[in-house]
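Have a look at structure.cif; it's mmCIF, C-alpha atoms:
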data_upload
#
loop_
_atom_site.group_PDB
_atom_site.id
_atom_site.type_symbol
_atom_site.label_atom_id
_atom_site.label_comp_id
_atom_site.auth_asym_id
_atom_site.auth_seq_id
_atom_site.Cartn_x
_atom_site.Cartn_y
_atom_site.Cartn_z
ATOM 1 C CA MET A 362 -10.873 16.187 -95.438
ATOM 2 C CA ALA A 363 -12.087 17.101 -98.895
ATOM 3 C CA GLY A 364 -14.030 20.324 -98.915
ATOM 4 C CA GLU A 365 -15.697 19.735 -102.263
ATOM 5 C CA SER A 366 -19.411 19.006 -102.233
ATOM 6 C CA SER A 367 -21.992 17.663 -104.618
ATOM 7 C CA ASP A 368 -25.063 19.450 -105.908
ATOM 8 C CA MET A 369 -27.965 18.214 -103.805
ATOM 9 C CA THR A 370 -30.511 19.331 -106.380
ATOM 10 C CA LEU A 371 -29.598 15.954 -107.863
ATOM 11 C CA LEU A 372 -31.625 14.405 -105.040
ATOM 12 C CA SER A 373 -34.845 16.314 -105.619
ATOM 13 C CA ALA A 374 -37.951 14.527 -106.820
ATOM 14 C CA ASP A 375 -37.901 16.535 -110.042
ATOM 15 C CA ASN A 376 -34.185 16.165 -110.734
ATOM 16 C CA HIS A 377 -32.598 12.992 -109.437
ATOM 17 C CA PRO A 378 -29.931 10.563 -110.656
ATOM 18 C CA ARG A 379 -31.102 8.312 -113.439
ATOM 19 C CA GLN A 380 -29.231 5.318 -112.045
ATOM 20 C CA GLY A 381 -26.812 4.765 -109.184
ATOM 21 C CA LEU A 382 -23.944 2.401 -108.449
ATOM 22 C CA GLY A 383 -24.214 0.036 -105.509
ATOM 23 C CA CYS A 384 -20.730 -0.369 -104.069
ATOM 24 C CA MET A 385 -21.438 -3.197 -101.626
ATOM 25 C CA ARG A 386 -19.075 -5.724 -103.208
ATOM 26 C CA LEU A 387 -16.325 -3.341 -104.311
ATOM 27 C CA LEU A 388 -13.080 -4.392 -102.671
ATOM 28 C CA ASP A 389 -9.410 -3.983 -103.499
ATOM 29 C CA ASP A 390 -8.508 -6.529 -106.186
ATOM 30 C CA PRO A 391 -5.379 -8.562 -105.424
ATOM 31 C CA GLN A 392 -5.663 -10.223 -108.862
ATOM 32 C CA HIS A 393 -5.017 -6.907 -110.666
ATOM 33 C CA ASP A 394 -7.846 -7.682 -113.084
ATOM 34 C CA SER A 395 -8.398 -4.425 -114.983
ATOM 35 C CA ASP A 396 -12.084 -5.241 -115.534
ATOM 36 C CA ARG A 397 -12.591 -5.690 -111.789
ATOM 37 C CA ASP A 398 -10.378 -2.910 -110.501
ATOM 38 C CA PRO A 399 -12.594 -0.848 -108.149
ATOM 39 C CA ALA A 400 -11.005 2.406 -109.265
ATOM 40 C CA ALA A 401 -11.771 1.541 -112.887
ATOM 41 C CA VAL A 402 -15.377 0.637 -112.006
ATOM 42 C CA ILE A 403 -16.054 3.888 -110.141
ATOM 43 C CA ASN A 404 -14.218 6.035 -112.698
ATOM 44 C CA ALA A 405 -16.112 4.377 -115.549
ATOM 45 C CA ALA A 406 -19.391 5.035 -113.734
ATOM 46 C CA LEU A 407 -18.595 8.705 -113.180
ATOM 47 C CA ASP A 408 -17.295 9.102 -116.738
ATOM 48 C CA ALA A 409 -20.614 7.694 -118.002
ATOM 49 C CA GLY A 410 -22.638 10.171 -115.967
ATOM 50 C CA VAL A 411 -23.560 7.977 -112.999
ATOM 51 C CA THR A 412 -23.522 10.360 -110.046
ATOM 52 C CA LEU A 413 -24.965 8.433 -107.097
ATOM 53 C CA LEU A 414 -22.570 6.098 -105.256
ATOM 54 C CA ASP A 415 -23.988 4.003 -102.426
ATOM 55 C CA THR A 416 -21.995 2.319 -99.662
ATOM 56 C CA ALA A 417 -22.396 1.529 -95.940
ATOM 57 C CA ASP A 418 -20.239 1.093 -92.887
ATOM 58 C CA MET A 419 -21.112 -2.626 -92.779
ATOM 59 C CA TYR A 420 -19.655 -3.131 -96.275
ATOM 60 C CA GLY A 421 -16.157 -2.446 -94.990
ATOM 61 C CA ASN A 422 -15.219 -0.342 -98.021
ATOM 62 C CA GLU A 423 -15.926 3.278 -97.092
ATOM 63 C CA ALA A 424 -12.204 4.070 -97.066
ATOM 64 C CA LEU A 425 -11.870 2.534 -100.537
ATOM 65 C CA VAL A 426 -14.826 4.515 -101.913
ATOM 66 C CA GLY A 427 -13.434 7.671 -100.330
ATOM 67 C CA ARG A 428 -10.082 7.166 -102.035
ATOM 68 C CA MET A 429 -11.722 6.516 -105.383
ATOM 69 C CA ILE A 430 -13.746 9.747 -105.389
ATOM 70 C CA ARG A 431 -10.959 11.992 -104.139
ATOM 71 C CA GLY A 432 -10.603 14.749 -106.687
ATOM 72 C CA ARG A 433 -14.059 13.970 -108.108
ATOM 73 C CA ARG A 434 -16.154 14.695 -105.027
ATOM 74 C CA ASP A 435 -18.091 17.447 -106.781
ATOM 75 C CA LYS A 436 -19.337 14.851 -109.301
ATOM 76 C CA VAL A 437 -20.716 12.484 -106.666
ATOM 77 C CA VAL A 438 -23.890 12.173 -104.638
ATOM 78 C CA LEU A 439 -22.309 10.196 -101.798
ATOM 79 C CA CYS A 440 -24.585 7.885 -99.821
ATOM 80 C CA SER A 441 -23.772 5.730 -96.826
ATOM 81 C CA LYS A 442 -25.654 3.810 -94.156
ATOM 82 C CA PHE A 443 -25.306 2.934 -90.487
ATOM 83 C CA GLY A 444 -26.999 0.722 -87.949
ATOM 84 C CA VAL A 445 -26.119 -2.846 -88.944
ATOM 85 C CA VAL A 446 -23.291 -4.180 -86.771
ATOM 86 C CA TRP A 447 -21.488 -7.428 -87.482
ATOM 87 C CA GLY A 448 -21.152 -9.972 -84.699
ATOM 88 C CA ASP A 449 -19.537 -13.409 -84.808
ATOM 89 C CA GLY A 450 -19.479 -15.031 -88.219
ATOM 90 C CA ASP A 451 -22.491 -13.930 -90.228
ATOM 91 C CA ASP A 452 -24.432 -12.746 -87.176
ATOM 92 C CA TRP A 453 -25.499 -9.117 -87.118
ATOM 93 C CA SER A 454 -27.558 -6.806 -84.979
ATOM 94 C CA VAL A 455 -28.995 -3.307 -85.259
ATOM 95 C CA ARG A 456 -27.856 -0.287 -83.277
ATOM 96 C CA ALA A 457 -29.904 2.856 -83.718
ATOM 97 C CA GLU A 458 -29.733 4.658 -80.372
ATOM 98 C CA PRO A 459 -28.996 8.410 -80.643
ATOM 99 C CA ALA A 460 -25.472 8.269 -79.235
ATOM 100 C CA TYR A 461 -24.555 5.554 -81.722
ATOM 101 C CA VAL A 462 -25.978 7.575 -84.621
ATOM 102 C CA HIS A 463 -23.430 10.324 -83.929
ATOM 103 C CA GLN A 464 -20.622 7.826 -83.328
ATOM 104 C CA ALA A 465 -21.335 5.965 -86.567
ATOM 105 C CA CYS A 466 -21.498 9.148 -88.638
ATOM 106 C CA GLU A 467 -18.202 10.464 -87.311
ATOM 107 C CA ALA A 468 -16.553 7.138 -88.133
ATOM 108 C CA SER A 469 -17.982 7.103 -91.658
ATOM 109 C CA LEU A 470 -16.886 10.678 -92.342
ATOM 110 C CA ARG A 471 -13.386 9.776 -91.202
ATOM 111 C CA ARG A 472 -13.183 6.640 -93.358
ATOM 112 C CA LEU A 473 -14.674 8.358 -96.399
ATOM 113 C CA GLY A 474 -12.354 11.339 -95.947
ATOM 114 C CA VAL A 475 -15.133 13.876 -96.501
ATOM 115 C CA ASP A 476 -16.752 16.675 -94.524
ATOM 116 C CA VAL A 477 -20.333 15.760 -95.370
ATOM 117 C CA ILE A 478 -22.369 12.748 -96.490
ATOM 118 C CA ASP A 479 -25.018 13.677 -99.034
ATOM 119 C CA LEU A 480 -27.577 10.991 -98.151
ATOM 120 C CA TYR A 481 -27.313 9.100 -94.854
ATOM 121 C CA TYR A 482 -29.499 6.058 -94.239
ATOM 122 C CA LEU A 483 -30.591 4.063 -91.257
ATOM 123 C CA HIS A 484 -29.701 0.676 -92.751
ATOM 124 C CA HIS A 485 -32.319 -1.410 -90.952
ATOM 125 C CA ARG A 486 -35.187 -0.760 -88.592
ATOM 126 C CA SER A 487 -34.521 -1.369 -84.912
ATOM 127 C CA GLU A 488 -36.768 -3.460 -82.698
ATOM 128 C CA SER A 489 -35.524 -1.723 -79.548
ATOM 129 C CA THR A 490 -34.978 1.964 -80.389
ATOM 130 C CA PRO A 491 -38.043 3.987 -81.446
ATOM 131 C CA ILE A 492 -37.438 5.353 -84.912
ATOM 132 C CA GLU A 493 -38.331 8.855 -83.711
ATOM 133 C CA HIS A 494 -35.274 8.789 -81.436
ATOM 134 C CA THR A 495 -33.013 7.619 -84.238
ATOM 135 C CA VAL A 496 -34.252 10.177 -86.749
ATOM 136 C CA SER A 497 -34.046 12.992 -84.197
ATOM 137 C CA ALA A 498 -30.340 12.208 -83.842
ATOM 138 C CA MET A 499 -29.958 11.998 -87.624
ATOM 139 C CA ALA A 500 -31.620 15.421 -87.882
ATOM 140 C CA GLU A 501 -28.957 16.778 -85.534
ATOM 141 C CA LEU A 502 -26.363 15.631 -88.073
ATOM 142 C CA VAL A 503 -28.139 17.685 -90.738
ATOM 143 C CA GLU A 504 -28.192 20.711 -88.441
ATOM 144 C CA ALA A 505 -24.462 20.247 -87.801
ATOM 145 C CA GLY A 506 -23.722 20.164 -91.540
ATOM 146 C CA LYS A 507 -22.388 16.606 -91.461
ATOM 147 C CA VAL A 508 -25.264 15.144 -93.470
ATOM 148 C CA ARG A 509 -27.385 16.762 -96.177
ATOM 149 C CA ALA A 510 -30.386 14.443 -96.458
ATOM 150 C CA LEU A 511 -31.842 11.461 -94.592
ATOM 151 C CA GLY A 512 -32.859 8.060 -95.849
ATOM 152 C CA LEU A 513 -34.299 4.822 -94.483
ATOM 153 C CA SER A 514 -33.804 1.224 -95.577
ATOM 154 C CA ASN A 515 -35.524 -2.002 -94.562
ATOM 155 C CA VAL A 516 -38.396 -0.274 -92.795
ATOM 156 C CA THR A 517 -42.183 -0.499 -92.628
ATOM 157 C CA GLU A 518 -44.770 2.042 -93.738
ATOM 158 C CA ASP A 519 -45.427 2.881 -90.082
ATOM 159 C CA ASP A 520 -41.704 3.468 -89.527
ATOM 160 C CA LEU A 521 -41.633 5.747 -92.552
ATOM 161 C CA ARG A 522 -44.576 7.874 -91.465
ATOM 162 C CA ARG A 523 -43.276 8.243 -87.903
ATOM 163 C CA ALA A 524 -39.775 9.125 -89.130
ATOM 164 C CA HIS A 525 -41.052 11.632 -91.676
ATOM 165 C CA ALA A 526 -43.009 13.406 -88.937
ATOM 166 C CA VAL A 527 -39.705 14.105 -87.174
ATOM 167 C CA HIS A 528 -37.630 15.162 -90.201
ATOM 168 C CA ARG A 529 -38.047 15.015 -93.952
ATOM 169 C CA ILE A 530 -37.025 11.652 -95.360
ATOM 170 C CA THR A 531 -35.582 12.108 -98.838
ATOM 171 C CA ALA A 532 -35.209 8.485 -99.904
ATOM 172 C CA VAL A 533 -36.309 4.988 -99.028
ATOM 173 C CA GLN A 534 -33.980 2.224 -100.200
ATOM 174 C CA GLU A 535 -35.633 -1.153 -100.649
ATOM 175 C CA GLU A 536 -35.163 -4.123 -102.938
ATOM 176 C CA TRP A 537 -37.300 -3.878 -106.074
ATOM 177 C CA SER A 538 -37.062 -6.335 -108.940
ATOM 178 C CA LEU A 539 -39.104 -8.784 -110.966
ATOM 179 C CA VAL A 540 -38.565 -11.336 -108.190
ATOM 180 C CA GLN A 541 -39.052 -9.019 -105.179
ATOM 181 C CA ARG A 542 -41.887 -6.495 -105.189
ATOM 182 C CA ASP A 543 -42.828 -6.140 -101.505
ATOM 183 C CA VAL A 544 -41.950 -2.433 -101.593
ATOM 184 C CA GLU A 545 -45.008 -1.843 -103.762
ATOM 185 C CA GLN A 546 -47.186 -2.166 -100.667
ATOM 186 C CA MET A 547 -45.590 1.042 -99.349
ATOM 187 C CA LEU A 548 -45.671 3.049 -102.566
ATOM 188 C CA PRO A 549 -48.929 4.920 -101.894
ATOM 189 C CA ALA A 550 -47.451 6.251 -98.627
ATOM 190 C CA ILE A 551 -44.088 6.955 -100.266
ATOM 191 C CA ASN A 552 -45.831 8.889 -103.023
ATOM 192 C CA GLU A 553 -48.002 10.789 -100.559
ATOM 193 C CA LEU A 554 -44.935 11.927 -98.612
ATOM 194 C CA GLY A 555 -42.983 12.900 -101.726
ATOM 195 C CA ILE A 556 -40.127 10.462 -101.138
ATOM 196 C CA MET A 557 -37.750 9.014 -103.726
ATOM 197 C CA VAL A 558 -37.351 5.237 -104.025
ATOM 198 C CA VAL A 559 -33.823 3.890 -104.421
ATOM 199 C CA ALA A 560 -34.312 0.376 -105.773
ATOM 200 C CA HIS A 561 -31.439 -1.827 -104.698
ATOM 201 C CA SER A 562 -30.828 -5.276 -106.208
ATOM 202 C CA PRO A 563 -32.929 -4.498 -109.321
ATOM 203 C CA THR A 564 -31.709 -7.721 -110.940
ATOM 204 C CA GLY A 565 -32.570 -9.887 -107.941
ATOM 205 C CA HIS A 566 -29.081 -9.831 -106.393
ATOM 206 C CA GLY A 567 -27.710 -10.725 -109.817
ATOM 207 C CA LEU A 568 -29.877 -13.826 -110.232
ATOM 208 C CA LEU A 569 -31.661 -12.340 -113.240
ATOM 209 C CA HIS A 570 -28.316 -11.889 -114.987
ATOM 210 C CA LEU A 571 -27.639 -15.617 -114.861
ATOM 211 C CA PRO A 572 -28.094 -17.731 -118.002
ATOM 212 C CA GLU A 573 -31.216 -19.872 -117.930
ATOM 213 C CA GLU A 574 -29.320 -23.064 -117.168
ATOM 214 C CA GLY A 575 -27.747 -21.397 -114.140
ATOM 215 C CA ALA A 576 -30.956 -19.903 -112.820
ATOM 216 C CA ALA A 577 -33.412 -22.776 -113.116
ATOM 217 C CA GLU A 578 -33.747 -23.078 -109.341
ATOM 218 C CA VAL A 579 -33.974 -19.374 -108.532
ATOM 219 C CA ALA A 580 -36.476 -17.983 -111.005
ATOM 220 C CA HIS A 581 -39.765 -19.185 -112.411
ATOM 221 C CA ALA A 582 -39.427 -20.790 -115.840
ATOM 222 C CA GLU A 583 -42.145 -18.577 -117.326
ATOM 223 C CA LEU A 584 -40.343 -15.436 -116.160
ATOM 224 C CA ARG A 585 -37.053 -16.659 -117.583
ATOM 225 C CA ALA A 586 -38.718 -17.398 -120.897
ATOM 226 C CA ALA A 587 -40.397 -13.989 -121.051
ATOM 227 C CA MET A 588 -37.157 -12.157 -120.226
ATOM 228 C CA SER A 589 -35.193 -14.131 -122.812
ATOM 229 C CA GLU A 590 -37.743 -13.612 -125.572
ATOM 230 C CA ILE A 591 -38.045 -9.881 -124.882
ATOM 231 C CA ALA A 592 -34.254 -9.541 -124.656
ATOM 232 C CA GLU A 593 -33.817 -11.163 -128.059
ATOM 233 C CA LEU A 594 -36.299 -8.739 -129.608
ATOM 234 C CA HIS A 595 -34.324 -5.781 -128.254
ATOM 235 C CA ASP A 596 -30.806 -7.144 -128.870
ATOM 236 C CA ALA A 597 -30.271 -7.090 -125.111
ATOM 237 C CA THR A 598 -29.623 -9.532 -122.296
ATOM 238 C CA PRO A 599 -32.244 -10.846 -119.853
ATOM 239 C CA GLY A 600 -30.435 -8.953 -117.094
ATOM 240 C CA GLN A 601 -30.760 -5.708 -119.020
ATOM 241 C CA VAL A 602 -34.476 -6.382 -119.520
ATOM 242 C CA SER A 603 -34.947 -6.912 -115.783
ATOM 243 C CA LEU A 604 -33.152 -3.647 -115.021
ATOM 244 C CA ALA A 605 -35.107 -1.799 -117.716
ATOM 245 C CA TRP A 606 -38.321 -3.031 -116.062
ATOM 246 C CA VAL A 607 -37.301 -1.181 -112.882
ATOM 247 C CA HIS A 608 -36.482 1.927 -114.924
ATOM 248 C CA HIS A 609 -40.086 1.882 -116.156
ATOM 249 C CA ARG A 610 -41.543 1.883 -112.606
ATOM 250 C CA PRO A 611 -41.926 5.710 -112.486
ATOM 251 C CA GLN A 612 -44.353 5.457 -115.396
ATOM 252 C CA ARG A 613 -46.338 2.806 -113.562
ATOM 253 C CA TRP A 614 -46.384 4.442 -110.127
ATOM 254 C CA ASP A 615 -45.832 8.146 -110.840
ATOM 255 C CA LEU A 616 -42.991 8.601 -108.369
ATOM 256 C CA PRO A 617 -39.209 9.071 -108.626
ATOM 257 C CA VAL A 618 -37.229 5.815 -108.719
ATOM 258 C CA VAL A 619 -33.456 5.428 -108.900
ATOM 259 C CA PRO A 620 -32.369 1.862 -109.748
ATOM 260 C CA LEU A 621 -29.223 0.897 -107.840
ATOM 261 C CA PRO A 622 -27.523 -2.053 -109.515
ATOM 262 C CA GLY A 623 -24.281 -3.189 -107.974
ATOM 263 C CA THR A 624 -21.323 -4.621 -109.846
ATOM 264 C CA THR A 625 -17.629 -5.307 -109.488
ATOM 265 C CA SER A 626 -16.725 -5.174 -113.186
ATOM 266 C CA VAL A 627 -16.467 -2.423 -115.777
ATOM 267 C CA SER A 628 -18.056 -4.570 -118.488
ATOM 268 C CA HIS A 629 -21.059 -5.364 -116.310
ATOM 269 C CA LEU A 630 -21.321 -1.696 -115.315
ATOM 270 C CA ARG A 631 -21.529 -0.664 -118.959
ATOM 271 C CA ALA A 632 -24.250 -3.218 -119.622
ATOM 272 C CA ASN A 633 -26.228 -1.858 -116.655
ATOM 273 C CA ILE A 634 -25.849 1.715 -117.869
ATOM 274 C CA ALA A 635 -27.035 0.719 -121.348
ATOM 275 C CA ALA A 636 -30.153 -0.854 -119.806
ATOM 276 C CA ALA A 637 -31.315 2.617 -118.754
ATOM 277 C CA ASP A 638 -31.866 3.421 -122.431
ATOM 278 C CA LEU A 639 -33.807 0.235 -123.146
ATOM 279 C CA VAL A 640 -37.403 1.262 -123.858
ATOM 280 C CA LEU A 641 -39.864 -1.599 -123.411
ATOM 281 C CA PRO A 642 -43.250 -1.334 -125.093
ATOM 282 C CA THR A 643 -46.385 -1.598 -122.978
ATOM 283 C CA ALA A 644 -47.129 -5.143 -124.120
ATOM 284 C CA HIS A 645 -43.711 -6.351 -122.955
ATOM 285 C CA LEU A 646 -44.021 -4.571 -119.611
ATOM 286 C CA GLU A 647 -47.456 -6.067 -119.055
ATOM 287 C CA ARG A 648 -46.152 -9.538 -119.806
ATOM 288 C CA LEU A 649 -43.286 -9.118 -117.351
ATOM 289 C CA ASP A 650 -45.681 -7.732 -114.734
ATOM 290 C CA ALA A 651 -47.975 -10.721 -115.112
ATOM 291 C CA VAL A 652 -45.348 -13.446 -114.882
ATOM 292 C CA SER A 653 -43.612 -11.602 -112.048
ATOM 293 C CA GLU A 654 -46.871 -11.282 -110.140
ATOM 294 C CA ALA A 655 -47.355 -15.031 -110.400
ATOM 295 C CA LEU A 656 -44.177 -15.538 -108.337
ATOM 296 C CA ARG A 657 -45.540 -13.622 -105.346
#
Can you turn what I pasted into C-alpha cells?
Amino acid sequence: MAGESSDMTLLSADNHPRQGLGCMRLLDDPQHDSDRDPAAVINAALDAGVTLLDTADMYGNEALVGRMIRGRRDKVVLCSKFGVVWGDGDDWSVRAEPAYVHQACEASLRRLGVDVIDLYYLHHRSESTPIEHTVSAMAELVEAGKVRALGLSNVTEDDLRRAHAVHRITAVQEEWSLVQRDVEQMLPAINELGIMVVAHSPTGHGLLHLPEEGAAEVAHAELRAAMSEIAELHDATPGQVSLAWVHHRPQRWDLPVVPLPGTTSVSHLRANIAAADLVLPTAHLERLDAVSEALR
C-alpha cells in the first residue's frame, strides 16, 4: 500500500479545499474518449489545484480512484463513504453496526490501495443502529490510524449532535444547490459545532447545466431565466452561475463550504473549476436566492 499521505490541515475550517471533485460516475471508459478518460479527469483536477477527491464503496470505483492517484497521494485529500449496501436491482439498505464499520473500512483501504483514508463518512443514517454506536466504531478507526477524520452524510441535526458528542465530526456532506436547500435548516447547528459543509450536487445533479429547452420540466422557469440572464452578463454558463452561487454560501452563512461538483469529462471539469472564480454581485445573489426560495 502507498505510504504517502495528504496534509490534513487542508480539512481545517480555516484552511480547506476550495472545491472538490465528486467521483461517483467515474468509470473506466471503453470508448477511449480522451475527454472522458477517468485518468485524464482526475489528473486535470489535480493539475488545476483541486485536492479533495470524493468516492464511496457503493460507487464501485474505489479501485479505479486508487489507481489514478498512485504516485500523487500526497496531493490528495482522499474521502470515501460506507454504509449503503446494494441489494437486488436498484434496492439498497444501510448497514452501520460497529462490526460492519471495521469490515467496510478494511475493504475500502484494500481497494483504494492506501494505508489511510483522510475523511471517512457514514453515507446514510441508519434506522436500526444508534449513531453513537456507529461513530464509536469509526473513532476506533481514527485511533488505529486507518482514518484521519470523520464525516456524516444524509443525516439529521439530532444525528449530528449525538455523533459529535462521541467524536469530532469534521464534515457533513449534503446536497446544496439552487433547487435543493434543505441543509440550510441544519446550518445553525453545523456552525455551532464548527463543522465544514461539503455541498454535493451543487448544480442539482447536473440539471442546472442543461439548456433551457432540456430543463423545462425540472426547474422553475423564473429560475432558469434568472440564471441565463446573469450568466450572459458574466460571459458564463447557467451551470457556472449555479455553482458560483454555492461558492458564495460562506459569505451568507459564515461557515466553511466546499462545493463538490461531479463530472466525467475534462471539459466540464474545467468549466466547474472556472466557476469558483465567478464573483456574483449582491444584487444577482439576492435575485437567485429569491427565485430559488420560491421553489421550496
**Message:** With 10 Å as the threshold, what does the neighbourhood of (-32.4, 10.1, -83.9) contain in terms of residues, counting all atoms listed in the file? Coordinates are those of the file; answer as a list in words.
**Reply:**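 Protein and nucleic acid residues near the point are Ala457, Glu458, Pro459, Ala460, Tyr461, Val462, His463, Leu483, Thr490, Pro491, Ile492, Glu493, His494, Thr495, Val496, Ser497, Ala498, Met499, Ala500, Glu501, Leu502, Ala524, Val527 and His528 of chain A.
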If the PyMOL selection byres ((chain A and resi 473-476) around 8) is run on the structure shown, which residues does it catch, given as an mmCIF file with C-alpha atoms, in the coordinates of the input?
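Ended up saving to part-v6.cif:
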data_model
loop_
_atom_site.group_PDB
_atom_site.id
_atom_site.type_symbol
_atom_site.label_atom_id
_atom_site.label_comp_id
_atom_site.auth_asym_id
_atom_site.auth_seq_id
_atom_site.Cartn_x
_atom_site.Cartn_y
_atom_site.Cartn_z
ATOM 1 C CA MET A 362 -10.873 16.187 -95.438
ATOM 2 C CA ALA A 363 -12.087 17.101 -98.895
ATOM 3 C CA GLY A 364 -14.030 20.324 -98.915
ATOM 4 C CA GLU A 423 -15.926 3.278 -97.092
ATOM 5 C CA ALA A 424 -12.204 4.070 -97.066
ATOM 6 C CA LEU A 425 -11.870 2.534 -100.537
ATOM 7 C CA VAL A 426 -14.826 4.515 -101.913
ATOM 8 C CA GLY A 427 -13.434 7.671 -100.330
ATOM 9 C CA ARG A 428 -10.082 7.166 -102.035
ATOM 10 C CA SER A 469 -17.982 7.103 -91.658
ATOM 11 C CA LEU A 470 -16.886 10.678 -92.342
ATOM 12 C CA ARG A 471 -13.386 9.776 -91.202
ATOM 13 C CA ARG A 472 -13.183 6.640 -93.358
ATOM 14 C CA VAL A 477 -20.333 15.760 -95.370
ATOM 15 C CA ILE A 478 -22.369 12.748 -96.490
ATOM 16 C CA LYS A 507 -22.388 16.606 -91.461
#
**Item:** Which residue of A:Leu414, A:Val602, A:Leu407, A:Ala401 approaches Asp479 of chain A most closely, using only C-alpha atoms
**Value:** A:Leu414
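When atom CA of Pro563 of chain A is paired with atom CA of Arg431 of chain A, their separation reads 28.0 Å.
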Using all atoms listed in the file - which residues lie no farther than 8 Å from the point (-36.9, 0.2, -110.4) in the file's frame? Write them as a short mmCIF file (atom, residue, chain, number, x, y, z; two decimals) with C-alpha atoms, in the frame of the given file.
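In the end it all went to result.cif:
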data_model
loop_
_atom_site.label_atom_id
_atom_site.label_comp_id
_atom_site.auth_asym_id
_atom_site.auth_seq_id
_atom_site.Cartn_x
_atom_site.Cartn_y
_atom_site.Cartn_z
CA TRP A 537 -37.30 -3.88 -106.07
CA SER A 538 -37.06 -6.34 -108.94
CA VAL A 559 -33.82 3.89 -104.42
CA ALA A 560 -34.31 0.38 -105.77
CA PRO A 563 -32.93 -4.50 -109.32
CA LEU A 604 -33.15 -3.65 -115.02
CA ALA A 605 -35.11 -1.80 -117.72
CA TRP A 606 -38.32 -3.03 -116.06
CA VAL A 607 -37.30 -1.18 -112.88
CA HIS A 608 -36.48 1.93 -114.92
CA HIS A 609 -40.09 1.88 -116.16
CA ARG A 610 -41.54 1.88 -112.61
CA PRO A 611 -41.93 5.71 -112.49
CA VAL A 618 -37.23 5.82 -108.72
CA VAL A 619 -33.46 5.43 -108.90
CA PRO A 620 -32.37 1.86 -109.75
#
**Request:** Could you tell me which residues the PyMOL selection byres ((chain A and resi 379-388) around 10) grabs in this file, written as an NGL selection string?
**Result:** :A and (371 or 376-378 or 389-391 or 397-400 or 402-403 or 406-407 or 410-423 or 425-426 or 438 or 440-441 or 559-562 or 608 or 617-626 or 630 or 633-634 or 636-637)
**Message:** What does the structure give for the distance between atom CA of Glu647 of chain A and atom CA of Leu584 of chain A, in Å to one decimal?
**Reply:**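 Taking atom CA of Glu647 of chain A as the start and atom CA of Leu584 of chain A as the end point, the length is 12.1 Å.
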**Asked** What separation in Å, quoted to one decimal, exists between atom CA of Val446 of chain A and atom CA of Val516 of chain A?
**Response**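 These atoms are spaced 16.7 Å apart.
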**Request:** Determine the nearest neighbour of Ala510 of chain A from the options A:Leu656, A:Leu439, A:Leu616, A:Val455, counting only C-alpha atoms.
**Result:**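 Among the listed residues, the smallest separation from Ala510 of chain A belongs to A:Leu439.
On the file presented, the PyMOL selection byres ((chain A and resi 511) around 8) picks out Leu480, Tyr481, Tyr482, Met499, Ala500, Val508, Arg509, Ala510, Gly512, Leu513, Arg529, Ile530, Thr531 and Ala532 of chain A.
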**Asked** So which one's closest to Val445 of chain A, A:Arg613, A:Arg522, A:His629, A:His484? Using all atoms listed in the file, please.
**Response**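 The closest residue to Val445 of chain A is A:His484.
For the set A:Lys442, A:Val437, A:Ala550, A:Ser514, the residue with the smallest atom-to-atom gap to Asn404 of chain A is A:Val437, counting only C-alpha atoms.
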**Asked** So which one's closest to Met429 of chain A, A:Ala582, A:Ile591, A:Ala405, A:Leu649? Using all atoms listed in the file, please.
**Response**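 Among the listed residues, A:Ala405 lies closest to Met429 of chain A.
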**Asked** Which is closer to Gln534 of chain A than all the others in A:Ile551, A:Val627, A:His581, A:Leu639, using all atoms listed in the file?
**Response** A:Ile551
